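Student: So here's start10.txt (compact mmCIF, C-alpha atoms).
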```
# COMPACT_ATOMS: atom_id res chain seq x y z
CA MET A 1 1.50 4.02 15.89
CA SER A 2 -0.84 5.83 18.29
CA TYR A 3 -0.83 9.09 20.21
CA LYS A 4 -2.68 9.90 23.42
CA VAL A 5 -4.91 12.85 22.62
CA LYS A 6 -7.55 14.37 24.89
CA TRP A 7 -10.99 13.40 23.65
CA PHE A 8 -12.09 16.99 23.02
CA PHE A 9 -9.06 17.55 20.75
CA HIS A 10 -9.57 14.38 18.75
CA PRO A 11 -10.08 15.14 15.03
CA ILE A 12 -13.27 13.08 14.84
CA PHE A 13 -14.81 14.90 17.81
CA VAL A 14 -13.78 18.30 16.42
CA PHE A 15 -15.23 17.37 13.02
CA VAL A 16 -18.55 16.12 14.46
CA PHE A 17 -18.83 19.15 16.76
CA SER A 18 -18.18 21.53 13.84
CA ILE A 19 -20.79 19.84 11.65
CA VAL A 20 -23.37 19.89 14.46
CA ALA A 21 -22.66 23.56 15.23
CA LEU A 22 -22.90 24.53 11.56
CA SER A 23 -26.10 22.57 11.02
CA LEU A 24 -27.62 24.01 14.19
CA SER A 25 -26.73 27.53 13.07
CA LEU A 26 -28.46 26.97 9.73
CA PHE A 27 -31.52 25.51 11.46
CA LEU A 28 -31.76 28.38 13.96
CA TYR A 29 -31.38 30.94 11.19
CA ILE A 30 -34.19 29.44 9.12
CA TYR A 31 -36.33 28.97 12.24
CA TRP A 32 -35.76 32.59 13.28
CA TYR A 33 -36.56 33.83 9.78
CA VAL A 34 -39.81 31.84 9.63
CA GLU A 35 -40.86 33.02 13.10
CA ALA A 36 -39.98 36.62 12.26
CA SER A 37 -41.94 36.39 9.00
CA ALA A 38 -44.95 34.96 10.82
CA GLY A 39 -44.83 37.80 13.37
CA LEU A 40 -44.47 40.41 10.66
CA MET A 41 -47.41 38.88 8.75
CA ALA A 42 -49.56 39.16 11.88
CA VAL A 43 -48.68 42.85 12.16
CA VAL A 44 -49.51 43.40 8.46
CA ARG A 45 -52.90 41.77 8.88
CA TYR A 46 -53.65 43.63 12.11
CA TYR A 47 -53.02 47.02 10.55
CA ASN A 48 -54.40 45.99 7.12
CA LEU A 49 -51.19 46.82 5.25
CA ASP A 50 -50.03 45.71 1.81
CA PRO A 51 -48.05 42.44 2.22
CA LYS A 52 -46.09 43.12 -0.97
CA GLN A 53 -44.32 45.95 0.83
CA PHE A 54 -42.88 43.45 3.29
CA PHE A 55 -42.66 40.11 1.50
CA ASN A 56 -41.28 39.39 -1.91
CA ALA A 57 -39.40 36.66 -3.74
CA GLN A 58 -36.03 38.14 -2.83
CA ALA A 59 -36.38 36.91 0.72
CA TRP A 60 -36.65 33.31 -0.39
CA VAL A 61 -33.78 33.84 -2.82
CA VAL A 62 -31.67 34.98 0.13
CA ILE A 63 -32.63 31.83 2.05
CA LEU A 64 -31.77 29.66 -0.94
CA VAL A 65 -28.40 31.33 -1.48
CA LEU A 66 -27.48 31.12 2.21
CA SER A 67 -28.50 27.46 2.31
CA LEU A 68 -26.34 26.78 -0.76
CA LEU A 69 -23.36 28.54 0.79
CA MET A 70 -23.86 26.58 4.00
CA ALA A 71 -23.92 23.33 1.99
CA ILE A 72 -20.65 24.32 0.30
CA ILE A 73 -19.10 25.04 3.70
CA LEU A 74 -20.25 21.64 4.98
CA ALA A 75 -18.83 19.90 1.91
CA GLY A 76 -15.53 21.74 2.32
CA THR A 77 -15.38 20.75 5.99
CA VAL A 78 -15.95 17.10 5.10
CA ILE A 79 -13.24 17.18 2.42
CA ILE A 80 -10.75 18.80 4.80
CA PHE A 81 -11.56 16.19 7.44
CA LEU A 82 -11.09 13.28 5.03
CA PHE A 83 -7.83 14.77 3.76
CA GLY A 84 -6.59 15.20 7.32
CA GLN A 85 -7.43 11.59 8.17
CA LYS A 86 -5.63 10.42 5.03
CA MET A 87 -2.54 12.44 5.96
CA MET A 88 -2.57 10.98 9.47
CA ARG A 89 -2.72 7.43 8.06
CA LEU A 90 0.09 8.22 5.62
CA TYR A 91 2.19 9.66 8.45
CA GLY A 92 1.60 6.50 10.46
CA LEU A 93 2.65 4.32 7.52
CA GLN A 94 5.77 6.43 7.00
CA HIS A 95 6.65 6.12 10.69
CA ASP A 96 6.28 2.34 10.55
CA PHE A 97 8.24 2.22 7.29
CA ILE A 98 11.16 4.17 8.78
CA ASN A 99 11.28 1.87 11.81
CA ASN A 100 11.08 -1.32 9.74
CA PHE A 101 13.40 -0.13 7.00
CA THR A 102 15.99 0.95 9.55
CA HIS A 103 15.90 -2.61 10.83
CA GLU A 104 16.22 -3.93 7.27
CA LEU A 105 19.36 -1.81 6.80
CA LYS A 106 20.95 -2.46 10.18
CA THR A 107 20.54 -6.24 10.11
CA PRO A 108 22.84 -6.95 7.11
CA VAL A 109 25.32 -4.29 8.28
CA THR A 110 25.52 -5.91 11.73
CA SER A 111 25.90 -9.33 10.13
CA LEU A 112 28.69 -8.12 7.83
CA LYS A 113 30.51 -6.56 10.77
CA LEU A 114 30.30 -9.83 12.69
CA TYR A 115 31.72 -11.86 9.80
CA LEU A 116 34.55 -9.37 9.21
CA GLU A 117 35.47 -9.42 12.91
CA THR A 118 35.53 -13.23 12.70
CA PHE A 119 37.94 -13.07 9.76
CA LEU A 120 40.11 -10.60 11.67
CA LYS A 121 40.31 -12.58 14.90
CA HIS A 122 40.54 -16.14 13.60
CA ASP A 123 42.59 -17.98 11.01
CA LEU A 124 39.78 -19.89 9.31
CA PRO A 125 40.18 -22.82 6.91
CA ARG A 126 39.25 -22.23 3.27
CA GLU A 127 35.95 -24.09 3.57
CA ALA A 128 34.78 -21.93 6.48
CA GLN A 129 35.94 -18.79 4.68
CA SER A 130 33.91 -19.72 1.61
CA LYS A 131 30.82 -20.33 3.73
CA TYR A 132 31.10 -16.97 5.50
CA ILE A 133 31.83 -15.16 2.23
CA ARG A 134 28.63 -16.58 0.75
CA TYR A 135 26.71 -15.31 3.78
CA MET A 136 28.32 -11.90 3.37
CA LEU A 137 27.39 -11.77 -0.31
CA LEU A 138 23.77 -12.53 0.60
CA ASP A 139 23.83 -9.66 3.11
CA VAL A 140 25.34 -7.34 0.50
CA ASP A 141 22.60 -8.31 -1.97
CA ARG A 142 19.96 -7.67 0.66
CA LEU A 143 21.45 -4.29 1.52
CA SER A 144 21.83 -3.37 -2.14
CA GLY A 145 18.23 -4.37 -2.85
CA ASN A 146 16.89 -2.13 -0.10
CA ILE A 147 18.97 0.82 -1.26
CA ASN A 148 17.87 0.29 -4.87
CA LYS A 149 14.22 0.36 -3.81
CA ILE A 150 14.67 3.81 -2.29
CA LEU A 151 16.57 5.08 -5.33
CA ASN A 152 14.00 3.64 -7.74
CA LEU A 153 11.18 5.17 -5.72
CA ALA A 154 12.79 8.61 -5.96
CA ARG A 155 13.42 8.23 -9.70
CA ILE A 156 9.91 7.11 -10.49
CA GLU A 157 8.15 9.73 -8.38
CA THR A 158 10.30 12.51 -9.85
CA LYS A 159 10.05 10.97 -13.35
CA THR A 160 13.83 10.91 -13.73
CA TYR A 161 14.16 7.18 -14.34
CA GLY A 162 15.55 7.87 -17.82
CA GLY A 163 15.54 5.66 -20.85
CA GLU A 164 13.04 5.51 -23.66
CA LEU A 165 10.50 2.82 -24.48
CA VAL A 166 12.03 0.41 -26.96
CA PRO A 167 10.42 -2.44 -28.95
CA ALA A 168 10.61 -5.86 -27.30
CA GLU A 169 8.91 -9.24 -27.46
CA LEU A 170 7.39 -9.91 -24.03
CA VAL A 171 7.54 -13.72 -23.95
CA GLU A 172 11.20 -13.63 -24.92
CA THR A 173 11.90 -10.81 -22.45
CA VAL A 174 10.31 -12.67 -19.54
CA SER A 175 11.97 -15.98 -20.47
CA GLN A 176 15.41 -14.36 -20.69
CA PHE A 177 14.89 -12.63 -17.36
CA CYS A 178 14.03 -15.94 -15.68
CA GLN A 179 17.07 -17.66 -17.21
CA GLN A 180 19.49 -14.87 -16.30
CA ASN A 181 18.27 -14.73 -12.69
CA ALA A 182 17.72 -18.44 -12.12
CA HIS A 183 20.61 -18.48 -9.62
CA LEU A 184 18.58 -16.23 -7.31
CA PHE A 185 15.71 -18.73 -7.12
CA GLN A 186 17.51 -22.07 -7.04
CA ASN A 187 15.15 -23.43 -4.39
CA GLY A 188 12.14 -23.33 -6.72
CA ASP A 189 10.86 -23.69 -10.26
CA ILE A 190 9.86 -20.94 -12.71
CA LEU A 191 7.85 -22.00 -15.76
CA VAL A 192 6.74 -19.73 -18.61
CA HIS A 193 3.57 -20.74 -20.48
CA ASN A 194 2.43 -19.29 -23.81
CA PRO A 195 -0.46 -21.53 -24.96
CA SER A 196 -1.16 -19.58 -28.15
CA GLY A 197 2.44 -19.64 -29.29
CA GLU A 198 2.03 -16.06 -30.52
CA ALA A 199 4.57 -13.30 -30.15
CA TYR A 200 3.57 -10.27 -28.09
CA PRO A 201 5.53 -7.18 -29.16
CA TYR A 202 5.46 -4.22 -26.79
CA ARG A 203 7.41 -1.05 -26.14
CA ILE A 204 9.10 -1.18 -22.74
CA ASN A 205 11.71 0.53 -20.63
CA PRO A 206 14.10 -2.42 -20.11
CA LEU A 207 15.44 -1.30 -16.72
CA LEU A 208 12.01 -0.55 -15.27
CA PHE A 209 10.45 -3.68 -16.73
CA ASP A 210 13.23 -5.81 -15.22
CA MET A 211 12.52 -4.19 -11.85
CA LEU A 212 8.83 -5.04 -12.20
CA LEU A 213 9.65 -8.66 -13.05
CA MET A 214 12.15 -8.96 -10.22
CA ASN A 215 9.61 -7.82 -7.63
CA LEU A 216 6.81 -10.07 -8.89
CA VAL A 217 9.04 -13.14 -9.25
CA ALA A 218 10.81 -12.56 -5.92
CA ASN A 219 7.48 -12.23 -4.09
CA GLY A 220 6.44 -15.64 -5.38
CA PHE A 221 9.37 -17.19 -3.51
CA LYS A 222 9.76 -14.79 -0.59
CA TYR A 223 6.21 -15.33 0.65
CA ASN A 224 6.28 -19.07 0.16
CA THR A 225 6.52 -21.84 2.74
CA SER A 226 6.01 -24.73 0.31
CA PRO A 227 8.74 -27.40 0.32
CA GLN A 228 8.88 -27.01 -3.46
CA PRO A 229 8.17 -23.34 -4.39
CA ARG A 230 6.82 -22.88 -7.89
CA LEU A 231 5.95 -19.89 -10.06
CA ASP A 232 3.97 -20.25 -13.29
CA ILE A 233 3.92 -17.29 -15.69
CA HIS A 234 1.04 -17.46 -18.17
CA PHE A 235 0.52 -15.27 -21.25
CA LEU A 236 -3.20 -14.98 -21.98
CA VAL A 237 -5.24 -12.68 -24.24
CA HIS A 238 -8.60 -11.26 -23.14
CA ARG A 239 -10.17 -9.20 -25.92
CA ASP A 240 -7.77 -6.34 -26.59
CA ARG A 241 -5.73 -6.88 -23.43
CA LEU A 242 -2.71 -9.05 -22.72
CA HIS A 243 -2.70 -10.66 -19.27
CA ILE A 244 0.62 -11.86 -17.86
CA ARG A 245 -0.25 -13.98 -14.80
CA PHE A 246 2.34 -14.69 -12.10
CA GLU A 247 0.84 -17.63 -10.22
CA ASP A 248 2.66 -19.02 -7.17
CA ASN A 249 1.97 -21.71 -4.56
CA GLY A 250 2.85 -19.49 -1.61
CA ILE A 251 0.97 -18.30 1.47
CA GLY A 252 -1.53 -16.20 -0.48
CA ILE A 253 -2.97 -12.78 0.27
CA LYS A 254 -6.06 -12.05 2.33
CA LYS A 255 -8.93 -10.49 0.40
CA THR A 256 -8.85 -7.37 2.59
CA ASP A 257 -5.21 -6.74 1.65
CA ARG A 258 -5.34 -7.28 -2.12
CA LYS A 259 -5.91 -3.65 -3.06
CA LYS A 260 -4.00 -2.10 -0.17
CA ILE A 261 -0.70 -3.87 -0.91
CA PHE A 262 -0.10 -1.55 -3.88
CA LYS A 263 -0.13 1.55 -1.65
CA LYS A 264 3.10 3.19 -0.62
CA PHE A 265 4.56 1.85 2.66
CA TYR A 266 1.69 -0.61 3.15
CA ARG A 267 2.70 -3.90 4.72
CA VAL A 268 0.57 -6.89 5.62
CA ASP A 269 -0.28 -7.01 9.33
CA GLN A 270 2.69 -8.62 11.07
CA SER A 271 0.37 -10.18 13.66
CA ASP A 272 -0.58 -12.62 10.91
CA SER A 273 1.70 -15.61 11.33
CA ARG A 274 1.74 -16.15 7.56
CA SER A 275 3.18 -12.75 6.80
CA THR A 276 6.80 -11.95 6.05
CA LYS A 277 8.54 -8.65 6.67
CA GLY A 278 8.99 -6.29 3.76
CA SER A 279 9.69 -2.66 3.04
CA GLY A 280 6.21 -1.82 1.76
CA LEU A 281 7.68 -0.39 -1.46
CA GLY A 282 8.02 -3.35 -3.83
CA LEU A 283 4.44 -3.61 -5.08
CA TYR A 284 4.03 0.17 -5.03
CA LEU A 285 6.94 0.38 -7.45
CA VAL A 286 5.47 -2.47 -9.52
CA GLN A 287 2.17 -0.64 -9.94
CA ASN A 288 3.90 2.59 -10.93
CA VAL A 289 6.08 0.83 -13.49
CA ALA A 290 2.96 -0.82 -14.91
CA ARG A 291 1.31 2.59 -15.27
CA ILE A 292 4.37 3.95 -17.05
CA HIS A 293 3.79 1.12 -19.55
CA ARG A 294 0.06 2.01 -19.80
CA GLY A 295 -0.98 -1.02 -17.78
CA LYS A 296 -1.89 -2.08 -14.25
CA VAL A 297 -1.28 -4.95 -11.84
CA THR A 298 -4.00 -6.77 -9.91
CA ALA A 299 -3.80 -9.31 -7.09
CA ALA A 300 -6.03 -12.31 -6.50
CA ALA A 301 -6.01 -15.75 -4.92
CA ARG A 302 -5.53 -18.97 -6.85
CA GLU A 303 -8.67 -20.99 -7.47
CA ASP A 304 -7.55 -23.55 -4.87
CA GLU A 305 -6.66 -20.71 -2.44
CA GLN A 306 -3.13 -22.18 -2.20
CA GLY A 307 -1.18 -19.18 -3.41
CA SER A 308 -1.42 -15.79 -5.08
CA VAL A 309 -1.92 -14.56 -8.62
CA PHE A 310 -0.50 -11.20 -9.72
CA THR A 311 -1.67 -10.19 -13.17
CA LEU A 312 0.02 -7.57 -15.31
CA VAL A 313 -2.61 -6.20 -17.70
CA LEU A 314 -1.31 -4.40 -20.81
CA PRO A 315 -3.05 -3.12 -23.94
CA ARG A 316 -2.31 -5.47 -26.80
CA GLN A 317 -0.20 -4.00 -29.59
CA ALA A 318 -0.07 -5.17 -33.17
CA SER A 319 3.11 -6.66 -34.58
```
With the file now loaded, output its structure as structure tokens.
Tutor:
Amino acid sequence: MSYKVKWFFHPIFVFVFSIVALSLSLFLYIYWYVEASAGLMAVVRYYNLDPKQFFNAQAWVVILVLSLLMAIILAGTVIIFLFGQKMMRLYGLQHDFINNFTHELKTPVTSLKLYLETFLKHDLPREAQSKYIRYMLLDVDRLSGNINKILNLARIETKTYGGELVPAELVETVSQFCQQNAHLFQNGDILVHNPSGEAYPYRINPLLFDMLLMNLVANGFKYNTSPQPRLDIHFLVHRDRLHIRFEDNGIGIKKTDRKKIFKKFYRVDQSDSRSTKGSGLGLYLVQNVARIHRGKVTAAAREDEQGSVFTLVLPRQAS
């Protein structure tokens, strides 16, 4: 998103001009004061007067205070400028999100309308009906998923997601999730690895934790062009932290995007042929759910650069 703005109204030009003007004002003030002091000193010497009547430490205190105030003004100007730039970027991301998300909502609705009109106009055999019904169910799931992302975003940001943290065993929780949702990822394999064989008890919000798992697992297959998609979930302990690694064999994530993808509305540049469209909310929600559970999520590339690794880092709790 870009707007045509006259160069002298551009925020960067206004910021630079303000800083230059402020700095020049401070310089001219100090220069004038020094010149005036030098002239006054010449008069004092010419008439053989007492310099203490004209010069004292208060003058330099005034200069110091004014310089400090000017520095505060400069710092405030810089902060305001940076905040303004951040707001402009956020507005741009929101604008792109609205455009893309509108498309994400309209596409399944248009598809559903087309299938329903087909049912209305034609007497289809049972086999064709079943095929179209499956397509319609996929569109409904897609539409429902997008709506749920918006609802979950509102609940998390307003802290009205409800539910308390309850005791759970994480390996069992993740394994059950993968088994219960295996029908959603029939084109690939999901394997859970727990080398130590230990149990990892943790207090979780079941609904939020399921949402976190769904986004991380779905990403492993959504951004994957391998003929045999695969997701390996490893439970590893590093000191007093539990690392749950979601390692896929997908298209991977560029290094420049690995921190940005957790920001609200951020989407990988669509000019990249490897990228796939998304709402820009999934990983933002994942990071927020992780924080609710006193953890965080990081992104990295696999050692062979043939896929991505998302790691959920949680403080380890005793049994």
Student: Quote the spacing between CA of Gly307 in chain A and CA of Tyr223 in chain A in Å to one decimal place.
Tutor: 9.3 Å
Student: Could you please determine the separation between CA of Gly76 in chain A and CA of Lys264 in chain A in Å, to one decimal place?
Tutor: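 For CA of Gly76 in chain A relative to CA of Lys264 in chain A, the distance reads 26.5 Å.
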Student: Using all atoms listed in the file, which residue out of A:Gly145, A:Pro108, A:Pro206, A:Gly188 lies closest to Pro227 in chain A?
Tutor: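 Checking each of A:Gly145, A:Pro108, A:Pro206, A:Gly188 against Pro227 in chain A, counting all atoms listed in the file, the winner is A:Gly188.
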Student: Can you pull out every residue within 12 Å of Lys131 in chain A, counting all atoms listed in the file, but drop anything in the same chain fewer than 6 positions away, and send it as a PyMOL selection string?
Tutor: chain A and resi 115+119+124-125+137-138
Student: Could you check which of A:Ile190, A:Ala21, A:Ala299, A:Ile292 is closest to Lys260 in chain A, using all atoms listed in the file?
Tutor: A:Ala299
Student: Could you check which of A:Arg258, A:His234, A:Arg294, A:Arg203 is closest to Glu169 in chain A, using only C-alpha atoms?
Tutor: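 Of all the options, A:Arg203 lies closest to Glu169 in chain A.
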Student: Hey, can you check how far CA of Leu24 in chain A sits from CA of Ala36 in chain A?
Tutor: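 These atoms are spaced 17.8 Å apart.
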Student: Set the distance at 9 Å and use all atoms listed in the file: which residues neighbour Leu207 in chain A once local chain neighbours fewer than 4 positions away are removed? I'd like the list as a list in words.
Tutor: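 My list of contacting residues is Tyr161, Gly163, Met211 and Leu212 of chain A.
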Student: Taking into account all atoms listed in the file, which residue in the set A:Leu26, A:Met41, A:Leu165, A:Leu285 is nearest to Met70 in chain A?
Tutor: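 Closest to Met70 in chain A of all the choices is A:Leu26.
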Student: Tell me which of A:Tyr284, A:Gln129, A:Lys86, A:Leu208 sits closest to Val166 in chain A, counting all atoms listed in the file.
Tutor: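 Of A:Tyr284, A:Gln129, A:Lys86, A:Leu208, the one nearest Val166 in chain A, counting all atoms listed in the file, is A:Leu208.
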Student: With a distance cut-off of 12 Å and only C-alpha atoms, select the neighbouring residues of Leu213 in chain A, excluding the residue or stretch itself and same-chain residues fewer than 6 positions from it, and output the selection as a short mmCIF file (atom, residue, chain, number, x, y, z; two decimals) with C-alpha atoms, keeping the file's coordinate frame.
Tutor:
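The result, stored in selection.cif:
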```
data_model
loop_
_atom_site.label_atom_id
_atom_site.label_comp_id
_atom_site.auth_asym_id
_atom_site.auth_seq_id
_atom_site.Cartn_x
_atom_site.Cartn_y
_atom_site.Cartn_z
CA LEU A 170 7.39 -9.91 -24.03
CA THR A 173 11.90 -10.81 -22.45
CA VAL A 174 10.31 -12.67 -19.54
CA SER A 175 11.97 -15.98 -20.47
CA GLN A 176 15.41 -14.36 -20.69
CA PHE A 177 14.89 -12.63 -17.36
CA CYS A 178 14.03 -15.94 -15.68
CA ASN A 181 18.27 -14.73 -12.69
CA PRO A 206 14.10 -2.42 -20.11
CA LEU A 207 15.44 -1.30 -16.72
CA ASN A 219 7.48 -12.23 -4.09
CA GLY A 220 6.44 -15.64 -5.38
CA ILE A 233 3.92 -17.29 -15.69
CA ILE A 244 0.62 -11.86 -17.86
CA ARG A 245 -0.25 -13.98 -14.80
CA PHE A 246 2.34 -14.69 -12.10
CA GLY A 282 8.02 -3.35 -3.83
CA LEU A 283 4.44 -3.61 -5.08
CA LEU A 285 6.94 0.38 -7.45
CA VAL A 286 5.47 -2.47 -9.52
CA GLN A 287 2.17 -0.64 -9.94
CA VAL A 289 6.08 0.83 -13.49
CA ALA A 290 2.96 -0.82 -14.91
CA VAL A 297 -1.28 -4.95 -11.84
CA PHE A 310 -0.50 -11.20 -9.72
CA THR A 311 -1.67 -10.19 -13.17
CA LEU A 312 0.02 -7.57 -15.31
#
```
Student: Between A:Gly197, A:Pro167, A:Ala128, A:Ala218, single out the one closest to Ala182 in chain A, counting only C-alpha atoms.
Tutor: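 Among A:Gly197, A:Pro167, A:Ala128, A:Ala218, it is A:Ala218 that comes nearest to Ala182 in chain A.
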Student: Near Val237 in chain A, counting only C-alpha atoms, which residues have an atom at most 12 Å away, once you skip same-chain residues fewer than 4 positions from it, shown as a PDB file with C-alpha atoms, in the coordinates of the input?
Tutor:
```pdb
ATOM      1  CA  ASN A 194       2.430 -19.290 -23.810  1.00  0.00           C
ATOM      2  CA  PRO A 195      -0.460 -21.530 -24.960  1.00  0.00           C
ATOM      3  CA  SER A 196      -1.160 -19.580 -28.150  1.00  0.00           C
ATOM      4  CA  GLY A 197       2.440 -19.640 -29.290  1.00  0.00           C
ATOM      5  CA  GLU A 198       2.030 -16.060 -30.520  1.00  0.00           C
ATOM      6  CA  ALA A 199       4.570 -13.300 -30.150  1.00  0.00           C
ATOM      7  CA  TYR A 200       3.570 -10.270 -28.090  1.00  0.00           C
ATOM      8  CA  ARG A 241      -5.730  -6.880 -23.430  1.00  0.00           C
ATOM      9  CA  LEU A 242      -2.710  -9.050 -22.720  1.00  0.00           C
ATOM     10  CA  HIS A 243      -2.700 -10.660 -19.270  1.00  0.00           C
ATOM     11  CA  ILE A 244       0.620 -11.860 -17.860  1.00  0.00           C
ATOM     12  CA  ARG A 245      -0.250 -13.980 -14.800  1.00  0.00           C
ATOM     13  CA  THR A 311      -1.670 -10.190 -13.170  1.00  0.00           C
ATOM     14  CA  LEU A 312       0.020  -7.570 -15.310  1.00  0.00           C
ATOM     15  CA  VAL A 313      -2.610  -6.200 -17.700  1.00  0.00           C
ATOM     16  CA  LEU A 314      -1.310  -4.400 -20.810  1.00  0.00           C
ATOM     17  CA  PRO A 315      -3.050  -3.120 -23.940  1.00  0.00           C
ATOM     18  CA  ARG A 316      -2.310  -5.470 -26.800  1.00  0.00           C
ATOM     19  CA  GLN A 317      -0.200  -4.000 -29.590  1.00  0.00           C
TER      20      GLN A 317
END
```
